[in-house]
$ cat entry-v3.cif   # mmCIF, C-alpha atoms
data_entry
#
loop_
_atom_site.label_atom_id
_atom_site.label_comp_id
_atom_site.auth_asym_id
_atom_site.auth_seq_id
_atom_site.Cartn_x
_atom_site.Cartn_y
_atom_site.Cartn_z
CA MET A 1 -13.28 -9.61 -11.58
CA PHE A 2 -10.74 -11.83 -13.29
CA LEU A 3 -11.77 -14.45 -15.86
CA PHE A 4 -9.28 -17.12 -14.78
CA LYS A 5 -10.16 -20.80 -14.86
CA VAL A 6 -11.39 -22.13 -11.55
CA SER A 7 -8.88 -23.99 -9.41
CA SER A 8 -8.55 -24.71 -5.72
CA ALA A 9 -5.43 -22.53 -5.61
CA LYS A 10 -7.49 -19.60 -6.92
CA PHE A 11 -9.91 -19.91 -4.04
CA ARG A 12 -7.05 -20.12 -1.53
CA ASN A 13 -5.54 -16.98 -3.06
CA GLU A 14 -8.85 -15.15 -2.99
CA GLU A 15 -8.97 -16.03 0.71
CA PHE A 16 -5.56 -14.41 1.28
CA ILE A 17 -6.66 -11.30 -0.65
CA ARG A 18 -9.79 -10.97 1.49
CA THR A 19 -7.69 -11.53 4.63
CA PHE A 20 -5.05 -9.11 3.42
CA LEU A 21 -7.41 -6.27 2.52
CA LEU A 22 -9.87 -6.76 5.39
CA ASP A 23 -10.01 -3.98 7.96
CA LEU A 24 -7.27 -1.81 6.50
CA PRO A 25 -7.64 1.66 7.96
CA LEU A 26 -9.08 4.13 5.54
CA VAL A 27 -7.77 7.63 5.17
CA ALA A 28 -8.71 10.14 7.83
CA HIS A 29 -11.45 12.70 7.36
CA LYS A 30 -10.42 16.32 7.11
CA GLU A 31 -10.91 18.41 10.21
CA PRO A 32 -10.64 22.20 10.36
CA PRO A 33 -7.51 23.51 12.07
CA PRO A 34 -7.85 25.08 15.52
CA THR A 35 -7.24 28.77 16.01
CA MET A 36 -3.86 29.63 17.54
CA LYS A 37 -2.06 32.83 18.48
CA ASP A 38 1.36 31.99 17.08
CA GLN A 39 0.94 29.34 14.43
CA SER A 40 4.13 30.00 12.46
CA VAL A 41 6.55 28.55 15.05
CA MET A 42 4.28 25.61 15.73
CA ARG A 43 3.88 24.95 11.99
CA GLU A 44 7.62 24.75 11.38
CA ASN A 45 8.20 22.41 14.33
CA THR A 46 5.19 20.26 13.54
CA VAL A 47 5.97 19.96 9.83
CA ALA A 48 9.59 18.93 10.42
CA THR A 49 8.68 16.44 13.15
CA GLU A 50 5.68 14.92 11.41
CA ILE A 51 7.38 14.65 8.02
CA GLY A 52 10.36 12.97 9.67
CA LYS A 53 7.97 10.39 11.11
CA PHE A 54 6.19 10.07 7.77
CA ASN A 55 9.45 9.42 5.90
CA LEU A 56 10.40 6.71 8.40
CA LEU A 57 6.99 5.08 7.98
CA GLN A 58 7.30 5.19 4.19
CA GLU A 59 10.67 3.40 4.48
CA GLN A 60 9.03 0.78 6.68
CA ARG A 61 6.25 0.39 4.14
CA VAL A 62 8.77 -0.17 1.32
CA HIS A 63 10.57 -2.77 3.43
CA THR A 64 7.27 -4.55 4.17
CA TYR A 65 6.43 -4.66 0.46
CA ARG A 66 9.83 -6.25 -0.22
CA LEU A 67 9.21 -8.92 2.40
CA PHE A 68 5.75 -9.56 0.98
CA GLU A 69 7.10 -9.90 -2.56
CA GLU A 70 9.90 -12.24 -1.48
CA GLY A 71 7.42 -14.36 0.47
CA HIS A 72 5.15 -14.56 -2.55
CA LYS A 73 8.05 -15.67 -4.77
CA ILE A 74 8.84 -18.44 -2.28
CA TYR A 75 5.15 -19.37 -2.19
CA LEU A 76 5.00 -19.63 -5.99
CA SER A 77 8.16 -21.72 -6.05
CA SER A 78 6.37 -24.35 -3.94
CA SER A 79 3.97 -25.05 -6.85
CA PRO A 80 2.05 -27.30 -7.41
CA ASN A 81 1.83 -28.15 -3.69
CA TYR A 82 1.66 -24.60 -2.40
CA ASP A 83 2.63 -24.01 1.21
CA PHE A 84 -0.49 -21.99 1.89
CA PRO A 85 -0.36 -22.05 5.74
CA THR A 86 3.07 -20.41 5.73
CA PHE A 87 2.01 -17.84 3.14
CA ARG A 88 -1.21 -17.12 5.04
CA GLN A 89 0.90 -16.35 8.14
CA LEU A 90 3.08 -14.00 6.08
CA VAL A 91 -0.06 -12.28 4.77
CA HIS A 92 -1.32 -11.89 8.33
CA ASP A 93 1.99 -10.43 9.54
CA VAL A 94 2.26 -8.07 6.57
CA THR A 95 -1.35 -6.98 7.03
CA GLN A 96 -0.72 -6.11 10.67
CA GLU A 97 2.36 -4.10 9.70
CA PHE A 98 0.48 -2.20 6.99
CA LYS A 99 -2.36 -1.47 9.43
CA ARG A 100 0.12 -0.08 11.97
CA ILE A 101 1.84 2.07 9.35
CA SER A 102 -1.47 3.35 7.96
CA GLY A 103 -2.75 4.20 11.43
CA ASP A 104 0.43 6.13 12.23
CA ILE A 105 0.25 8.04 8.94
CA ILE A 106 -3.38 8.93 9.58
CA SER A 107 -2.28 10.40 12.93
CA ILE A 108 0.43 12.41 11.18
CA GLU A 109 -2.10 13.75 8.67
CA LYS A 110 -4.44 14.79 11.52
CA ASN A 111 -1.60 16.46 13.44
CA LEU A 112 -0.53 18.40 10.36
CA ARG A 113 -4.08 19.52 9.68
CA ALA A 114 -4.65 20.50 13.33
CA SER A 115 -1.50 22.64 13.30
CA GLY A 116 -2.66 24.58 10.24
CA ASN A 117 -0.61 22.71 7.64
CA GLY A 118 -3.53 21.77 5.42
CA ALA A 119 -1.61 21.64 2.14
CA VAL A 120 1.00 19.27 3.59
CA ALA A 121 -1.76 17.18 5.21
CA ASP A 122 -3.61 16.99 1.88
CA THR A 123 -0.50 15.65 0.18
CA VAL A 124 0.03 13.05 2.93
CA LEU A 125 -3.62 12.07 2.53
CA ALA A 126 -3.20 11.71 -1.25
CA ILE A 127 -0.16 9.48 -0.73
CA GLN A 128 -2.12 7.37 1.73
CA GLU A 129 -4.95 6.91 -0.79
CA CYS A 130 -2.46 5.88 -3.49
CA GLU A 131 -0.79 3.44 -1.13
CA LYS A 132 -4.17 1.81 -0.51
CA LYS A 133 -4.61 1.37 -4.28
CA LYS A 134 -1.07 0.01 -4.54
CA LEU A 135 -1.75 -2.57 -1.86
CA GLU A 136 -4.94 -3.76 -3.56
CA LEU A 137 -3.17 -3.99 -6.92
CA THR A 138 -0.24 -5.86 -5.37
CA ALA A 139 -2.61 -8.49 -4.01
CA HIS A 140 -4.32 -8.81 -7.41
CA LEU A 141 -0.97 -9.01 -9.17
CA GLN A 142 0.09 -11.85 -6.92
CA LEU A 143 -3.11 -13.71 -7.75
CA ALA A 144 -2.49 -13.10 -11.45
CA ARG A 145 1.09 -14.38 -11.14
CA GLN A 146 -0.17 -17.58 -9.57
CA MET A 147 -2.68 -18.05 -12.37
CA VAL A 148 0.10 -17.59 -14.94
CA THR A 149 2.16 -20.20 -13.07
CA GLU A 150 -0.74 -22.66 -13.10
CA CYS A 151 -1.79 -21.95 -16.70
CA SER A 152 1.55 -21.74 -18.46
CA GLU A 153 -0.09 -21.36 -21.88
CA GLY A 154 -2.95 -19.11 -20.77
CA GLU A 155 -2.68 -15.92 -22.80
CA LEU A 156 -5.60 -14.35 -20.93
CA GLU A 157 -3.79 -14.82 -17.63
CA LYS A 158 -0.58 -13.33 -19.02
CA MET A 159 -2.49 -10.37 -20.45
CA LYS A 160 -4.23 -9.75 -17.12
CA GLU A 161 -0.90 -9.88 -15.26
CA LYS A 162 0.59 -7.36 -17.70
CA GLU A 163 -2.46 -5.09 -17.32
CA ILE A 164 -2.26 -5.13 -13.51
CA ARG A 165 1.49 -4.55 -13.62
CA ALA A 166 0.96 -1.46 -15.82
CA GLU A 167 -1.76 -0.13 -13.51
CA LEU A 168 0.52 -0.70 -10.52
CA GLY A 169 3.27 1.23 -12.30
CA HIS A 170 0.92 4.19 -12.75
CA VAL A 171 0.02 4.18 -9.06
CA VAL A 172 3.71 4.05 -8.05
CA GLU A 173 4.34 6.98 -10.40
CA GLU A 174 1.47 8.88 -8.76
CA ILE A 175 2.94 8.17 -5.31
CA ASN A 176 6.32 9.49 -6.45
CA ASP A 177 4.65 12.63 -7.84
CA HIS A 178 2.94 13.21 -4.48
CA LEU A 179 6.22 12.66 -2.63
CA THR A 180 7.82 15.32 -4.85
CA GLU A 181 4.86 17.60 -4.16
CA LEU A 182 5.34 16.94 -0.43
CA ARG A 183 8.95 18.11 -0.67
CA TYR A 184 7.77 21.37 -2.29
CA GLU A 185 5.05 21.83 0.35
CA ILE A 186 7.64 21.38 3.12
CA TYR A 187 10.00 23.82 1.45
CA ASN A 188 7.21 26.40 1.14
CA ALA A 189 6.14 25.85 4.78
CA GLU A 190 9.63 26.74 6.08
#
$ encode --input "entry-v3.cif" --output "structure tokens"
Amino acid sequence: MFLFKVSSAKFRNEEFIRTFLLDLPLVAHKEPPPTMKDQSVMRENTVATEIGKFNLLQEQRVHTYRLFEEGHKIYLSSSPNYDFPTFRQLVHDVTQEFKRISGDIISIEKNLRASGNGAVADTVLAIQECEKKKLELTAHLQLARQMVTECSEGELEKMKEKEIRAELGHVVEEINDHLTELRYEIYNAE
């Protein structure tokens, strides 16, 4: 855990992290595909349809992250008298949106797997796992940013923020790699 000095704002932020990360759907378990007589036609239709849905959900996820980041900037600008009730509502709304998106992506992954598109489903699953890491790191980064705001001369806080930011960059890079892999999987499935 972080070695930041104790403040009431820290405890409020830890509350929003617990609220934010609580009950997020985990990735789906792999199920064997059913046996079908003519899987090739179904695979093509399913892949195109499901990946179209997946791309839309990824766009919605990006938009939700932007809203969350903007809300956090506004929250930090209210220092030292943080408007925690408003931010807590934003966290709740964002959490509900991420839950909905994750649930829909889990369904897509299951549909792909059930239609015999295991490689594509595996890539979607890998993206989902990375997105979970990204969400956790985003919450920790926001906490670190608040600590930097409160401890303007705290080198430890600044170092921790930089460390989390670098780790987040690696996860985003991993997501982009999986998205590229997904494009190749789709191309090979056609």
$ closest_atom_pairs --input "entry-v3.cif" --of "range 146-174 of chain A" --to "range 74-91 of chain A" --cutoff "10 Å" --atoms "all atoms listed in the file" --output "Markdown table"
| residue | atom | partner | partner_atom | distance |
| --- | --- | --- | --- | --- |
| A:Gln146 | CA | A:Leu76 | CA | 6.6 |
| A:Thr149 | CA | A:Leu76 | CA | 7.6 |
| A:Glu150 | CA | A:Pro80 | CA | 7.9 |
$ resolve_selection --input "entry-v3.cif" --expression "the PyMOL selection byres ((chain A and resi 49-61) around 7)" --output "list in words"
Asn45, Thr46, Val47, Ala48, Val62, His63, Thr64, Tyr65, Phe98, Ile101, Ile105 and Ile108 of chain A
$ atom_distance --input "entry-v3.cif" --atom1 "CA of Leu141 in chain A" --atom2 "CA of Ile164 in chain A"
6.0 Å
$ atom_distance --input "entry-v3.cif" --atom1 "CA of Glu70 in chain A" --atom2 "CA of Thr138 in chain A"
12.6 Å
$ atom_distance --input "entry-v3.cif" --atom1 "CA of Ile106 in chain A" --atom2 "CA of Asn188 in chain A"
22.1 Å
$ residues_near_point --input "entry-v3.cif" --point "(6.3, 15.9, -0.1)" --cutoff "12 Å" --atoms "only C-alpha atoms" --output "MDAnalysis selection string"
chainID A and resid 47:48 50:52 54:55 58 119:127 175:189
$ closest_residue --input "entry-v3.cif" --among "A:Val94, A:Asp104, A:Ser152, A:Lys133" --to "Glu69 in chain A" --atoms "only C-alpha atoms"
A:Val94
$ resolve_selection --input "entry-v3.cif" --expression "the PyMOL selection byres ((chain A and resi 168) around 12)" --output "JSON, numbers by chain"
{"A": [130, 131, 132, 133, 134, 135, 136, 137, 138, 139, 140, 141, 142, 161, 162, 163, 164, 165, 166, 167, 169, 170, 171, 172, 173, 174, 175]}
$ decode --input "entry-v3.cif" --residues "range 93-178 of chain A" --atoms "C-alpha atoms" --output "PDB file, in the first residue's frame"
ATOM      1  CA  ASP A  93     -22.244   6.687 -11.843  1.00  0.00           C
ATOM      2  CA  VAL A  94     -18.937   5.748 -13.470  1.00  0.00           C
ATOM      3  CA  THR A  95     -18.855   2.463 -11.560  1.00  0.00           C
ATOM      4  CA  GLN A  96     -22.325   1.553 -12.812  1.00  0.00           C
ATOM      5  CA  GLU A  97     -21.298   2.351 -16.386  1.00  0.00           C
ATOM      6  CA  PHE A  98     -18.124   0.264 -16.132  1.00  0.00           C
ATOM      7  CA  LYS A  99     -20.127  -2.636 -14.660  1.00  0.00           C
ATOM      8  CA  ARG A 100     -22.587  -2.469 -17.562  1.00  0.00           C
ATOM      9  CA  ILE A 101     -19.796  -2.351 -20.140  1.00  0.00           C
ATOM     10  CA  SER A 102     -17.904  -5.213 -18.483  1.00  0.00           C
ATOM     11  CA  GLY A 103     -21.030  -7.356 -18.298  1.00  0.00           C
ATOM     12  CA  ASP A 104     -21.760  -6.766 -21.988  1.00  0.00           C
ATOM     13  CA  ILE A 105     -18.174  -7.612 -22.960  1.00  0.00           C
ATOM     14  CA  ILE A 106     -18.306 -10.807 -20.911  1.00  0.00           C
ATOM     15  CA  SER A 107     -21.421 -11.775 -22.893  1.00  0.00           C
ATOM     16  CA  ILE A 108     -19.597 -11.063 -26.151  1.00  0.00           C
ATOM     17  CA  GLU A 109     -16.672 -13.229 -25.051  1.00  0.00           C
ATOM     18  CA  LYS A 110     -19.051 -16.095 -24.177  1.00  0.00           C
ATOM     19  CA  ASN A 111     -20.895 -15.766 -27.504  1.00  0.00           C
ATOM     20  CA  LEU A 112     -17.634 -15.843 -29.431  1.00  0.00           C
ATOM     21  CA  ARG A 113     -16.434 -18.890 -27.535  1.00  0.00           C
ATOM     22  CA  ALA A 114     -19.784 -20.687 -27.974  1.00  0.00           C
ATOM     23  CA  SER A 115     -19.655 -20.106 -31.729  1.00  0.00           C
ATOM     24  CA  GLY A 116     -16.207 -21.679 -32.012  1.00  0.00           C
ATOM     25  CA  ASN A 117     -14.188 -18.456 -32.128  1.00  0.00           C
ATOM     26  CA  GLY A 118     -11.914 -19.306 -29.220  1.00  0.00           C
ATOM     27  CA  ALA A 119      -8.902 -17.289 -30.374  1.00  0.00           C
ATOM     28  CA  VAL A 120     -10.984 -14.124 -30.781  1.00  0.00           C
ATOM     29  CA  ALA A 121     -12.698 -14.782 -27.430  1.00  0.00           C
ATOM     30  CA  ASP A 122      -9.299 -15.243 -25.755  1.00  0.00           C
ATOM     31  CA  THR A 123      -8.164 -11.867 -27.053  1.00  0.00           C
ATOM     32  CA  VAL A 124     -11.366 -10.181 -25.848  1.00  0.00           C
ATOM     33  CA  LEU A 125     -10.815 -11.845 -22.469  1.00  0.00           C
ATOM     34  CA  ALA A 126      -7.218 -10.568 -22.337  1.00  0.00           C
ATOM     35  CA  ILE A 127      -8.412  -7.037 -23.111  1.00  0.00           C
ATOM     36  CA  GLN A 128     -11.018  -7.315 -20.375  1.00  0.00           C
ATOM     37  CA  GLU A 129      -8.372  -8.385 -17.846  1.00  0.00           C
ATOM     38  CA  CYS A 130      -6.139  -5.454 -18.842  1.00  0.00           C
ATOM     39  CA  GLU A 131      -9.049  -3.047 -18.556  1.00  0.00           C
ATOM     40  CA  LYS A 132      -9.635  -4.257 -14.996  1.00  0.00           C
ATOM     41  CA  LYS A 133      -5.974  -3.504 -14.172  1.00  0.00           C
ATOM     42  CA  LYS A 134      -6.292  -0.111 -15.857  1.00  0.00           C
ATOM     43  CA  LEU A 135      -9.321   0.762 -13.761  1.00  0.00           C
ATOM     44  CA  GLU A 136      -7.577  -0.183 -10.521  1.00  0.00           C
ATOM     45  CA  LEU A 137      -4.488   1.818 -11.489  1.00  0.00           C
ATOM     46  CA  THR A 138      -6.614   4.818 -12.477  1.00  0.00           C
ATOM     47  CA  ALA A 139      -8.200   4.856  -9.023  1.00  0.00           C
ATOM     48  CA  HIS A 140      -4.772   4.602  -7.366  1.00  0.00           C
ATOM     49  CA  LEU A 141      -3.391   7.332  -9.616  1.00  0.00           C
ATOM     50  CA  GLN A 142      -6.210   9.638  -8.598  1.00  0.00           C
ATOM     51  CA  LEU A 143      -5.433   9.000  -4.944  1.00  0.00           C
ATOM     52  CA  ALA A 144      -1.753   9.695  -5.616  1.00  0.00           C
ATOM     53  CA  ARG A 145      -2.618  12.945  -7.406  1.00  0.00           C
ATOM     54  CA  GLN A 146      -4.615  14.095  -4.408  1.00  0.00           C
ATOM     55  CA  MET A 147      -1.722  13.293  -2.092  1.00  0.00           C
ATOM     56  CA  VAL A 148       0.614  15.324  -4.311  1.00  0.00           C
ATOM     57  CA  THR A 149      -1.875  18.210  -4.176  1.00  0.00           C
ATOM     58  CA  GLU A 150      -2.018  18.039  -0.379  1.00  0.00           C
ATOM     59  CA  CYS A 151       1.731  17.534   0.105  1.00  0.00           C
ATOM     60  CA  SER A 152       3.182  19.960  -2.398  1.00  0.00           C
ATOM     61  CA  GLU A 153       6.750  19.257  -1.261  1.00  0.00           C
ATOM     62  CA  GLY A 154       6.333  15.521  -0.728  1.00  0.00           C
ATOM     63  CA  GLU A 155       8.869  13.803  -2.961  1.00  0.00           C
ATOM     64  CA  LEU A 156       7.597  10.356  -1.970  1.00  0.00           C
ATOM     65  CA  GLU A 157       4.107  11.261  -3.166  1.00  0.00           C
ATOM     66  CA  LYS A 158       5.440  12.611  -6.457  1.00  0.00           C
ATOM     67  CA  MET A 159       7.553   9.489  -6.962  1.00  0.00           C
ATOM     68  CA  LYS A 160       4.557   7.231  -6.286  1.00  0.00           C
ATOM     69  CA  GLU A 161       2.409   9.192  -8.752  1.00  0.00           C
ATOM     70  CA  LYS A 162       5.114   8.857 -11.407  1.00  0.00           C
ATOM     71  CA  GLU A 163       5.430   5.107 -10.710  1.00  0.00           C
ATOM     72  CA  ILE A 164       1.673   4.534 -11.036  1.00  0.00           C
ATOM     73  CA  ARG A 165       1.533   6.649 -14.189  1.00  0.00           C
ATOM     74  CA  ALA A 166       4.294   4.500 -15.754  1.00  0.00           C
ATOM     75  CA  GLU A 167       2.527   1.276 -14.772  1.00  0.00           C
ATOM     76  CA  LEU A 168      -0.717   2.626 -16.231  1.00  0.00           C
ATOM     77  CA  GLY A 169       1.125   3.433 -19.464  1.00  0.00           C
ATOM     78  CA  HIS A 170       2.312  -0.179 -19.696  1.00  0.00           C
ATOM     79  CA  VAL A 171      -1.223  -1.483 -19.225  1.00  0.00           C
ATOM     80  CA  VAL A 172      -2.573   0.873 -21.909  1.00  0.00           C
ATOM     81  CA  GLU A 173       0.196  -0.346 -24.225  1.00  0.00           C
ATOM     82  CA  GLU A 174      -0.802  -3.946 -23.472  1.00  0.00           C
ATOM     83  CA  ILE A 175      -4.446  -3.129 -24.266  1.00  0.00           C
ATOM     84  CA  ASN A 176      -3.409  -1.593 -27.586  1.00  0.00           C
ATOM     85  CA  ASP A 177      -1.331  -4.690 -28.391  1.00  0.00           C
ATOM     86  CA  HIS A 178      -4.352  -6.905 -27.705  1.00  0.00           C
TER      87      HIS A 178
END
